[in-house]
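run-v7.txt, holding compact mmCIF, C-alpha atoms:
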```txt
# COMPACT_ATOMS: atom_id res chain seq x y z
CA TYR A 1 47.85 36.06 0.51
CA ARG A 2 48.25 32.72 -1.25
CA SER A 3 51.84 33.84 -1.75
CA VAL A 4 52.15 34.73 1.94
CA GLY A 5 50.88 31.28 2.84
CA ALA A 6 53.30 29.63 0.43
CA GLY A 7 56.14 31.34 2.27
CA ALA A 8 55.37 29.19 5.32
CA ILE A 9 57.26 26.34 3.65
CA GLY A 10 60.44 27.77 5.19
CA LEU A 11 59.10 27.30 8.71
CA HIS A 12 57.80 23.85 7.79
CA ASN A 13 61.20 22.71 6.52
CA PHE A 14 62.93 24.16 9.58
CA LEU A 15 60.63 22.23 11.91
CA LYS A 16 61.25 19.04 9.98
CA LYS A 17 64.99 19.47 10.51
CA LEU A 18 64.26 19.71 14.22
CA GLY A 19 62.40 16.41 14.07
CA MET A 20 58.87 17.88 14.09
CA ASP A 21 57.05 16.26 11.17
CA LEU A 22 53.64 17.86 11.58
CA LYS A 23 50.54 16.83 9.67
CA PRO A 24 49.16 19.53 7.32
CA GLU A 25 46.31 20.38 9.70
CA GLU A 26 48.70 20.53 12.67
CA PHE A 27 51.06 22.86 10.85
CA LEU A 28 48.12 25.00 9.74
CA LEU A 29 46.96 25.47 13.33
CA LEU A 30 50.52 26.24 14.45
CA VAL A 31 50.96 28.96 11.82
CA PHE A 32 47.72 30.67 12.77
CA SER A 33 48.46 30.34 16.47
CA LEU A 34 51.59 32.37 15.82
CA GLN A 35 49.81 34.88 13.58
CA HIS A 36 46.83 35.36 15.87
CA GLN A 37 49.17 36.30 18.69
CA GLN A 38 49.99 39.28 16.48
CA GLY A 39 46.35 40.37 16.28
CA TRP A 40 44.99 38.44 13.32
CA GLY A 41 41.96 37.13 15.24
CA ALA A 42 40.99 34.40 17.66
CA PRO A 43 42.76 31.00 17.63
CA PHE A 44 41.58 28.33 15.19
CA GLU A 45 40.16 24.97 16.17
CA LEU A 46 40.13 21.83 14.05
CA VAL A 47 36.67 20.62 13.04
CA GLU A 48 37.56 17.90 10.54
CA ALA A 49 40.77 16.49 9.07
CA GLY A 50 41.23 13.95 6.30
CA ASP A 51 43.51 13.32 3.36
CA LYS A 52 41.47 15.53 1.04
CA ARG A 53 39.44 17.79 3.34
CA ILE A 54 40.34 19.97 6.30
CA VAL A 55 37.80 22.13 8.13
CA ILE A 56 38.89 24.75 10.65
CA ARG A 57 37.03 27.55 12.37
CA THR A 58 37.54 30.54 14.63
CA PRO A 59 35.14 32.89 16.44
CA GLN A 60 36.50 35.83 14.46
CA THR A 61 39.27 37.00 12.17
CA PHE A 62 40.90 40.36 11.66
CA GLU A 63 38.77 40.90 8.56
CA SER A 64 35.48 39.93 10.18
CA VAL A 65 36.07 42.39 13.03
CA VAL A 66 37.04 45.29 10.78
CA LEU A 67 34.23 44.55 8.29
CA LYS A 68 31.66 43.44 10.85
CA ASP A 69 28.84 45.49 9.30
CA TRP A 70 29.15 44.08 5.78
CA ASP A 71 26.70 41.20 6.33
CA MET A 72 28.62 38.88 4.01
CA PRO A 73 31.66 36.55 4.08
CA VAL A 74 34.72 38.84 4.15
CA CYS A 75 37.71 36.66 5.07
CA GLY A 76 39.34 36.42 1.65
CA ILE A 77 42.77 37.09 3.15
CA HIS A 78 42.47 34.00 5.33
CA GLN A 79 41.12 31.91 2.47
CA GLY A 80 44.13 32.67 0.30
CA TRP A 81 46.49 32.31 3.25
CA ILE A 82 45.15 28.84 4.10
CA GLU A 83 45.31 27.70 0.47
CA GLY A 84 48.91 28.85 0.18
CA ILE A 85 50.00 27.03 3.35
CA LEU A 86 48.35 23.73 2.45
CA THR A 87 49.56 23.81 -1.15
CA ALA A 88 53.13 24.56 -0.01
CA VAL A 89 53.40 21.82 2.61
CA THR A 90 51.59 19.08 0.66
CA GLY A 91 52.71 19.88 -2.89
CA LYS A 92 49.10 19.49 -4.03
CA SER A 93 46.38 21.97 -4.98
CA TRP A 94 43.89 23.03 -2.32
CA TYR A 95 40.79 25.17 -2.60
CA CYS A 96 39.40 26.99 0.45
CA LEU A 97 35.90 28.42 0.90
CA GLU A 98 34.55 30.37 3.84
CA LYS A 99 31.24 28.64 4.58
CA THR A 100 30.18 30.80 7.55
CA CYS A 101 31.44 34.19 8.68
CA HIS A 102 31.35 36.25 11.88
CA ALA A 103 30.78 39.38 9.75
CA LYS A 104 27.61 37.78 8.36
CA GLY A 105 26.25 37.15 11.85
CA ASP A 106 27.38 33.53 12.11
CA PRO A 107 28.96 32.27 15.36
CA TYR A 108 32.17 31.24 13.58
CA CYS A 109 34.30 31.94 10.56
CA GLU A 110 34.52 28.41 9.20
CA PHE A 111 36.85 27.45 6.36
CA VAL A 112 36.44 24.27 4.31
CA CYS A 113 39.61 23.25 2.47
CA ASP A 114 39.41 20.61 -0.26
CA GLN A 115 42.32 19.01 -2.07
CA VAL A 116 41.22 19.50 -5.67
CA MET A 117 42.49 20.87 -8.91
CA PRO A 118 40.50 24.13 -8.89
CA SER A 119 39.26 24.30 -12.47
CA TRP A 120 37.66 27.31 -14.10
CA LYS A 121 34.27 25.64 -13.68
CA PHE A 122 34.82 24.99 -9.98
CA LYS A 123 35.78 28.60 -9.31
CA ALA A 124 33.04 30.09 -11.49
CA GLU A 125 30.29 28.04 -9.87
CA ALA A 126 31.53 29.16 -6.44
CA VAL A 127 31.04 32.76 -7.59
CA VAL A 128 27.49 32.04 -8.75
CA ARG A 129 26.63 30.38 -5.42
CA GLY A 130 27.89 33.46 -3.60
CA GLU A 131 30.70 31.52 -1.93
CA SER A 132 33.45 33.47 -3.70
CA ALA A 133 33.89 36.86 -5.33
CA ILE A 134 35.62 37.46 -8.66
CA THR A 135 38.18 39.66 -6.90
CA GLU A 136 39.64 36.51 -5.37
CA PHE A 137 40.62 35.30 -8.84
CA ILE A 138 42.05 38.48 -10.34
CA GLU A 139 45.77 38.32 -11.08
CA HIS A 140 47.34 41.70 -11.80
CA LYS A 141 50.79 42.08 -13.34
CA PRO A 142 51.09 45.87 -13.62
CA LEU A 143 54.70 45.84 -14.79
CA GLU A 144 53.72 43.56 -17.67
CA GLY A 145 50.49 45.40 -18.45
CA LYS A 146 48.39 42.28 -17.91
CA ILE A 147 45.30 41.40 -15.87
CA SER A 148 43.59 38.01 -15.81
CA LEU A 149 40.37 36.75 -14.23
CA ILE A 150 40.28 32.99 -13.55
CA ASP A 151 43.16 32.51 -15.99
CA GLU A 152 41.41 34.48 -18.76
CA PRO A 153 42.90 37.80 -19.97
CA VAL A 154 40.73 40.82 -19.14
CA VAL A 155 41.06 44.59 -19.40
CA MET A 156 39.92 47.43 -17.14
CA MET A 157 38.29 50.45 -18.70
CA PRO A 158 36.66 53.60 -17.35
CA ARG A 159 32.87 53.79 -17.24
CA PHE A 160 32.80 56.96 -19.32
CA ILE A 161 33.77 54.84 -22.32
CA PHE A 162 30.04 54.25 -22.82
CA THR A 163 29.18 57.93 -23.06
CA SER A 164 32.15 58.57 -25.33
CA MET A 165 31.42 55.61 -27.62
CA THR A 166 27.70 56.31 -27.85
CA GLN A 167 28.15 60.03 -28.53
CA SER A 168 30.64 59.20 -31.27
CA LEU A 169 28.21 56.77 -32.90
CA LYS A 170 25.35 59.29 -32.63
CA ARG A 171 27.41 61.93 -34.41
CA THR A 172 28.34 59.45 -37.13
CA MET A 173 25.01 57.77 -37.87
CA GLY A 174 22.26 59.34 -35.76
CA GLU A 175 20.69 58.45 -32.40
CA ALA A 176 18.38 55.58 -33.42
CA PRO A 177 20.91 53.72 -35.59
CA ALA A 178 23.57 54.11 -32.87
CA GLY A 179 21.26 52.47 -30.33
CA GLY A 180 20.63 49.60 -32.75
CA VAL A 181 24.35 49.07 -33.39
CA ASN A 182 25.09 48.99 -29.68
CA TYR A 183 22.22 46.58 -29.06
CA ARG A 184 23.37 44.11 -31.72
CA ALA A 185 27.05 44.33 -30.75
CA TYR A 186 26.35 43.61 -27.09
CA MET A 187 23.88 40.89 -27.96
CA ASP A 188 26.67 39.11 -29.81
CA MET A 189 28.95 39.67 -26.82
CA GLY A 190 26.41 38.11 -24.46
CA LYS A 191 26.08 35.02 -26.64
CA GLU A 192 29.84 34.72 -27.02
CA ASN A 193 30.24 34.96 -23.26
CA VAL A 194 27.85 32.04 -22.76
CA GLU A 195 29.67 30.00 -25.42
CA HIS A 196 32.86 30.51 -23.42
CA TYR A 197 31.16 29.06 -20.34
CA LYS A 198 29.94 26.07 -22.38
CA LYS A 199 33.51 25.31 -23.45
CA MET A 200 34.40 25.08 -19.76
CA GLY A 201 31.94 22.21 -19.34
CA ILE A 202 28.90 24.11 -18.08
CA THR A 203 25.74 23.09 -19.95
CA ASP A 204 22.69 23.74 -17.74
CA PRO A 205 20.84 26.76 -19.23
CA ARG A 206 19.87 28.25 -15.89
CA THR A 207 23.42 27.92 -14.56
CA LEU A 208 24.78 29.54 -17.71
CA SER A 209 22.49 32.58 -17.42
CA ASP A 210 23.00 32.87 -13.65
CA MET A 211 26.76 32.72 -14.16
CA ALA A 212 26.70 35.50 -16.75
CA PHE A 213 24.50 37.70 -14.55
CA ALA A 214 26.73 37.09 -11.50
CA PHE A 215 29.95 37.87 -13.34
CA TYR A 216 28.69 41.02 -15.06
CA SER A 217 27.16 42.24 -11.80
CA GLN A 218 30.39 41.74 -9.84
CA MET A 219 32.34 43.46 -12.62
CA GLY A 220 30.22 46.60 -12.16
CA TRP A 221 27.93 46.43 -15.19
CA PHE A 222 24.66 46.28 -13.27
CA HIS A 223 22.99 44.98 -10.12
CA LEU A 224 20.19 42.45 -10.45
CA VAL A 225 17.13 43.25 -8.32
CA SER A 226 14.68 40.64 -9.56
CA GLU A 227 13.59 38.33 -12.36
CA ALA A 228 9.96 37.49 -13.13
CA TRP A 229 8.19 35.27 -15.65
CA ASP A 230 4.68 35.89 -17.00
CA GLU A 231 3.35 32.62 -18.38
CA THR A 232 0.36 34.29 -20.04
CA THR A 233 2.40 36.67 -22.18
CA LYS A 234 5.56 34.51 -22.22
CA THR A 235 7.53 37.52 -21.02
CA LYS A 236 10.59 37.56 -18.78
CA THR A 237 11.11 40.79 -16.84
CA ILE A 238 14.53 41.66 -15.47
CA THR A 239 14.84 44.56 -13.01
CA LEU A 240 18.24 46.15 -12.41
CA SER A 241 18.96 48.76 -9.76
CA HIS A 242 21.24 50.52 -12.25
CA THR A 243 23.35 49.84 -15.34
CA VAL A 244 26.72 51.04 -16.48
CA GLU A 245 24.96 53.31 -19.00
CA SER A 246 22.40 54.83 -16.63
CA GLU A 247 25.20 55.61 -14.17
CA SER A 248 27.39 57.06 -16.92
CA PHE A 249 24.77 59.22 -18.63
CA GLY A 250 22.84 60.28 -15.54
CA ILE A 251 19.40 61.86 -16.02
CA THR A 252 18.71 62.43 -19.71
CA GLY A 253 14.92 62.01 -19.88
CA LYS A 254 15.41 59.06 -22.24
CA ASN A 255 16.23 55.36 -22.15
CA THR A 256 19.99 54.88 -22.43
CA CYS A 257 20.63 51.17 -21.82
CA PHE A 258 20.86 49.79 -25.36
CA CYS A 259 24.10 47.96 -24.59
CA THR A 260 22.63 46.26 -21.52
CA ALA A 261 19.42 45.35 -23.37
CA GLY A 262 21.47 43.63 -26.05
CA LEU A 263 23.70 41.96 -23.47
CA LEU A 264 20.71 40.50 -21.58
CA ALA A 265 19.15 39.26 -24.81
CA GLY A 266 22.41 37.64 -25.85
CA ILE A 267 22.81 35.89 -22.50
CA ILE A 268 19.27 34.47 -22.66
CA GLU A 269 19.64 33.42 -26.31
CA GLY A 270 22.97 31.75 -25.74
CA SER A 271 21.90 30.00 -22.53
CA PHE A 272 18.51 28.66 -23.62
CA GLY A 273 19.03 28.31 -27.37
CA ILE A 274 16.06 30.50 -28.31
CA ARG A 275 15.72 33.72 -30.31
CA VAL A 276 14.61 36.64 -28.18
CA GLN A 277 14.38 40.40 -28.17
CA ALA A 278 14.90 42.69 -25.19
CA ARG A 279 13.34 46.09 -24.63
CA GLU A 280 13.98 48.61 -21.86
CA VAL A 281 10.61 49.70 -20.45
CA ALA A 282 11.92 51.79 -17.53
CA CYS A 283 15.26 53.55 -17.07
CA LYS A 284 16.99 55.46 -14.29
CA SER A 285 18.24 57.91 -16.89
CA ARG A 286 14.58 58.65 -17.68
CA GLY A 287 13.89 59.27 -13.99
CA ASP A 288 12.49 55.84 -13.14
CA GLU A 289 13.43 54.00 -9.94
CA HIS A 290 15.08 51.08 -11.75
CA CYS A 291 16.15 49.98 -15.20
CA VAL A 292 13.58 47.36 -16.26
CA PHE A 293 13.82 45.10 -19.31
CA THR A 294 11.28 42.77 -20.89
CA ILE A 295 12.50 39.79 -22.89
CA THR A 296 10.18 38.02 -25.32
CA ASN A 297 10.53 35.42 -28.05
CA LYS A 298 11.10 36.73 -31.54
CA PRO A 299 8.09 36.00 -33.78
```

Mind turning the file's structure into structure tokens?
Amino acid sequence: YRSVGAGAIGLHNFLKKLGMDLKPEEFLLLVFSLQHQQGWGAPFELVEAGDKRIVIRTPQTFESVVLKDWDMPVCGIHQGWIEGILTAVTGKSWYCLEKTCHAKGDPYCEFVCDQVMPSWKFKAEAVVRGESAITEFIEHKPLEGKISLIDEPVVMMPRFIFTSMTQSLKRTMGEAPAGGVNYRAYMDMGKENVEHYKKMGITDPRTLSDMAFAFYSQMGWFHLVSEAWDETTKTKTITLSHTVESESFGITGKNTCFCTAGLLAGIIEGSFGIRVQAREVACKSRGDEHCVFTITNKP
């Protein structure tokens, strides 16, 4: 919908020819007055307007009504729409975040628009804070066979790849060695992922680990339930509701999450600069309620 918003430049230019030189916030309200008459939600009102920040709100949008039971901000269509309009009429980059949402139980859907150059770091930190979802930053070019996430090339693959890959390794080298290979490979991947974040200017260890957890969770790898730290034993416990492996393998009577164990260890090592080892102590594939991992320092 950024592209839809950008298309409003035609109306803007037409109005200018008629002698109506509207300010960006005035044109924004006009566009949504026209759209909301077609059922897109209640009219917007202007909360704040400046050279580099515009804040608007509405009691509800089309998305917040349809998705009213989601208990989370849902108005991504409007966010992109607003960004596209402001970028088109000002010629500068704008970034829009939905701060409150009717679907979350708030009295308004409020959108804060800042004139910034939305860097990778800016977008990624918004994801970690829960203000944005990674789906807002996916660009898909199906005819070119390309997908990118926040300007970085990515690929989509089916979940059964884990069962196929693991079974192939088991047949080749045996069950225990296969688990070890997967663990080490995904540990390296976790560390490499954190190094990528560091190159984007993110240095705080906690932010680095939180960012990795948030991105992998939103990409479908796992869902974080809780983290705990035992000072006496110097043990970090991470509880996941499920992992990509436990969902792929189903009930096997055994632990299956060697890839995730390695990934978690790699994320912690890369973020905090320490050597650790991760072990799965409970697994949904074994019949447990959650997949639980302990992370300790290597001796």

Do you know which residues lie at most 12 Å from (48.1, 27.1, -5.6), with coordinates as in the file and all atoms listed in the file counted, and could you write them as number ranges by chain?
-> A: 1-6, 79-96, 115-119, 137

Could you check which of A:Val128, A:Cys257, A:Met187, A:Val225 is closest to Phe162 of chain A, using all atoms listed in the file?
->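 The shortest atom-to-atom distance to Phe162 of chain A comes from A:Cys257.
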
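From atom CA of Gly270 of chain A back to atom CA of Gly201 of chain A, the distance works out to 14.6 Å.
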
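Residue nearest Phe111 of chain A within the list A:Asp51, A:Glu231, A:Asp21, A:Glu45: A:Glu45 [criterion: smallest interatomic distance, all atoms listed in the file].
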
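Nearest residue to Val74 of chain A among A:Lys17, A:Arg184, A:Lys104, A:Lys141 is A:Lys104, counting all atoms listed in the file.
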
Exercise: Ile138 of chain A partners within 10 Å, all atoms listed in the file, chain neighbours under 6 positions left out, as a list in words |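 Non-adjacent residues within range: Ile147, Ser148, Leu149, Ile150, Asp151, Glu152, Pro153 and Val154 of chain A.
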
Have a look at atom CA of Lys123 of chain A and atom CA of Ala228 of chain A and let me know their distance in Å, one decimal.
->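 Taking atom CA of Lys123 of chain A and atom CA of Ala228 of chain A, their separation equals 27.6 Å.
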
Counting all atoms listed in the file, find the residues whose atoms lie at most 8 Å from (18.0, 54.8, -18.7) (file coordinates) and write them out as a PDB file with C-alpha atoms, in the frame of the given file.
```pdb
ATOM      1  CA  GLU A 245      24.960  53.310 -19.000  1.00  0.00           C
ATOM      2  CA  SER A 246      22.400  54.830 -16.630  1.00  0.00           C
ATOM      3  CA  GLY A 250      22.840  60.280 -15.540  1.00  0.00           C
ATOM      4  CA  ILE A 251      19.400  61.860 -16.020  1.00  0.00           C
ATOM      5  CA  THR A 252      18.710  62.430 -19.710  1.00  0.00           C
ATOM      6  CA  GLY A 253      14.920  62.010 -19.880  1.00  0.00           C
ATOM      7  CA  LYS A 254      15.410  59.060 -22.240  1.00  0.00           C
ATOM      8  CA  ASN A 255      16.230  55.360 -22.150  1.00  0.00           C
ATOM      9  CA  THR A 256      19.990  54.880 -22.430  1.00  0.00           C
ATOM     10  CA  CYS A 257      20.630  51.170 -21.820  1.00  0.00           C
ATOM     11  CA  ALA A 282      11.920  51.790 -17.530  1.00  0.00           C
ATOM     12  CA  CYS A 283      15.260  53.550 -17.070  1.00  0.00           C
ATOM     13  CA  LYS A 284      16.990  55.460 -14.290  1.00  0.00           C
ATOM     14  CA  SER A 285      18.240  57.910 -16.890  1.00  0.00           C
ATOM     15  CA  ARG A 286      14.580  58.650 -17.680  1.00  0.00           C
ATOM     16  CA  GLY A 287      13.890  59.270 -13.990  1.00  0.00           C
ATOM     17  CA  ASP A 288      12.490  55.840 -13.140  1.00  0.00           C
ATOM     18  CA  CYS A 291      16.150  49.980 -15.200  1.00  0.00           C
TER      19      CYS A 291
END
```

For the atom pair atom CA of Thr260 of chain A and atom CA of Leu169 of chain A, what is the interatomic distance in Å to one decimal place?
->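 One can read the atom CA of Thr260 of chain A to atom CA of Leu169 of chain A distance as 16.5 Å.
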
Taking the partial coordinates given, rebuild segment 158-179 of chain A to contain N, CA and C atoms; return it as a CSV table (one decimal), in the frame of the given file.
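Listing of part-v1.csv after writing:
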```csv
chain,number,residue,atom,x,y,z
A,158,PRO,N,37.5,52.7,-18.1
A,158,PRO,CA,36.7,53.6,-17.4
A,158,PRO,C,35.2,53.6,-17.8
A,159,ARG,N,34.3,53.8,-16.9
A,159,ARG,CA,32.9,53.8,-17.2
A,159,ARG,C,32.5,54.8,-18.3
A,160,PHE,N,33.2,55.9,-18.4
A,160,PHE,CA,32.8,57.0,-19.3
A,160,PHE,C,33.0,56.5,-20.8
A,161,ILE,N,33.6,55.3,-21.0
A,161,ILE,CA,33.8,54.8,-22.3
A,161,ILE,C,32.4,54.7,-23.0
A,162,PHE,N,31.4,54.4,-22.2
A,162,PHE,CA,30.0,54.2,-22.8
A,162,PHE,C,29.5,55.6,-23.3
A,163,THR,N,29.7,56.6,-22.6
A,163,THR,CA,29.2,57.9,-23.1
A,163,THR,C,30.0,58.4,-24.3
A,164,SER,N,31.3,58.2,-24.2
A,164,SER,CA,32.2,58.6,-25.3
A,164,SER,C,31.8,57.8,-26.6
A,165,MET,N,31.7,56.5,-26.5
A,165,MET,CA,31.4,55.6,-27.6
A,165,MET,C,30.1,55.9,-28.2
A,166,THR,N,29.1,56.1,-27.4
A,166,THR,CA,27.7,56.3,-27.8
A,166,THR,C,27.6,57.7,-28.5
A,167,GLN,N,28.2,58.7,-27.9
A,167,GLN,CA,28.2,60.0,-28.5
A,167,GLN,C,28.8,60.0,-29.9
A,168,SER,N,29.9,59.3,-30.0
A,168,SER,CA,30.6,59.2,-31.3
A,168,SER,C,29.8,58.5,-32.3
A,169,LEU,N,29.1,57.5,-32.0
A,169,LEU,CA,28.2,56.8,-32.9
A,169,LEU,C,27.0,57.7,-33.3
A,170,LYS,N,26.5,58.4,-32.3
A,170,LYS,CA,25.4,59.3,-32.6
A,170,LYS,C,25.7,60.3,-33.7
A,171,ARG,N,27.0,60.9,-33.5
A,171,ARG,CA,27.4,61.9,-34.4
A,171,ARG,C,27.6,61.3,-35.8
A,172,THR,N,28.0,60.1,-35.9
A,172,THR,CA,28.3,59.4,-37.1
A,172,THR,C,27.1,59.0,-37.9
A,173,MET,N,26.1,58.4,-37.2
A,173,MET,CA,25.0,57.8,-37.9
A,173,MET,C,23.6,58.2,-37.4
A,174,GLY,N,23.6,59.0,-36.3
A,174,GLY,CA,22.3,59.3,-35.8
A,174,GLY,C,21.9,58.5,-34.5
A,175,GLU,N,21.0,59.0,-33.7
A,175,GLU,CA,20.7,58.4,-32.4
A,175,GLU,C,20.1,57.1,-32.5
A,176,ALA,N,19.0,56.9,-33.3
A,176,ALA,CA,18.4,55.6,-33.4
A,176,ALA,C,19.3,54.5,-34.0
A,177,PRO,N,20.0,54.8,-35.1
A,177,PRO,CA,20.9,53.7,-35.6
A,177,PRO,C,22.0,53.4,-34.6
A,178,ALA,N,22.5,54.4,-33.9
A,178,ALA,CA,23.6,54.1,-32.9
A,178,ALA,C,23.1,53.2,-31.8
A,179,GLY,N,21.8,53.4,-31.3
A,179,GLY,CA,21.3,52.5,-30.3
A,179,GLY,C,21.1,51.1,-30.9
```
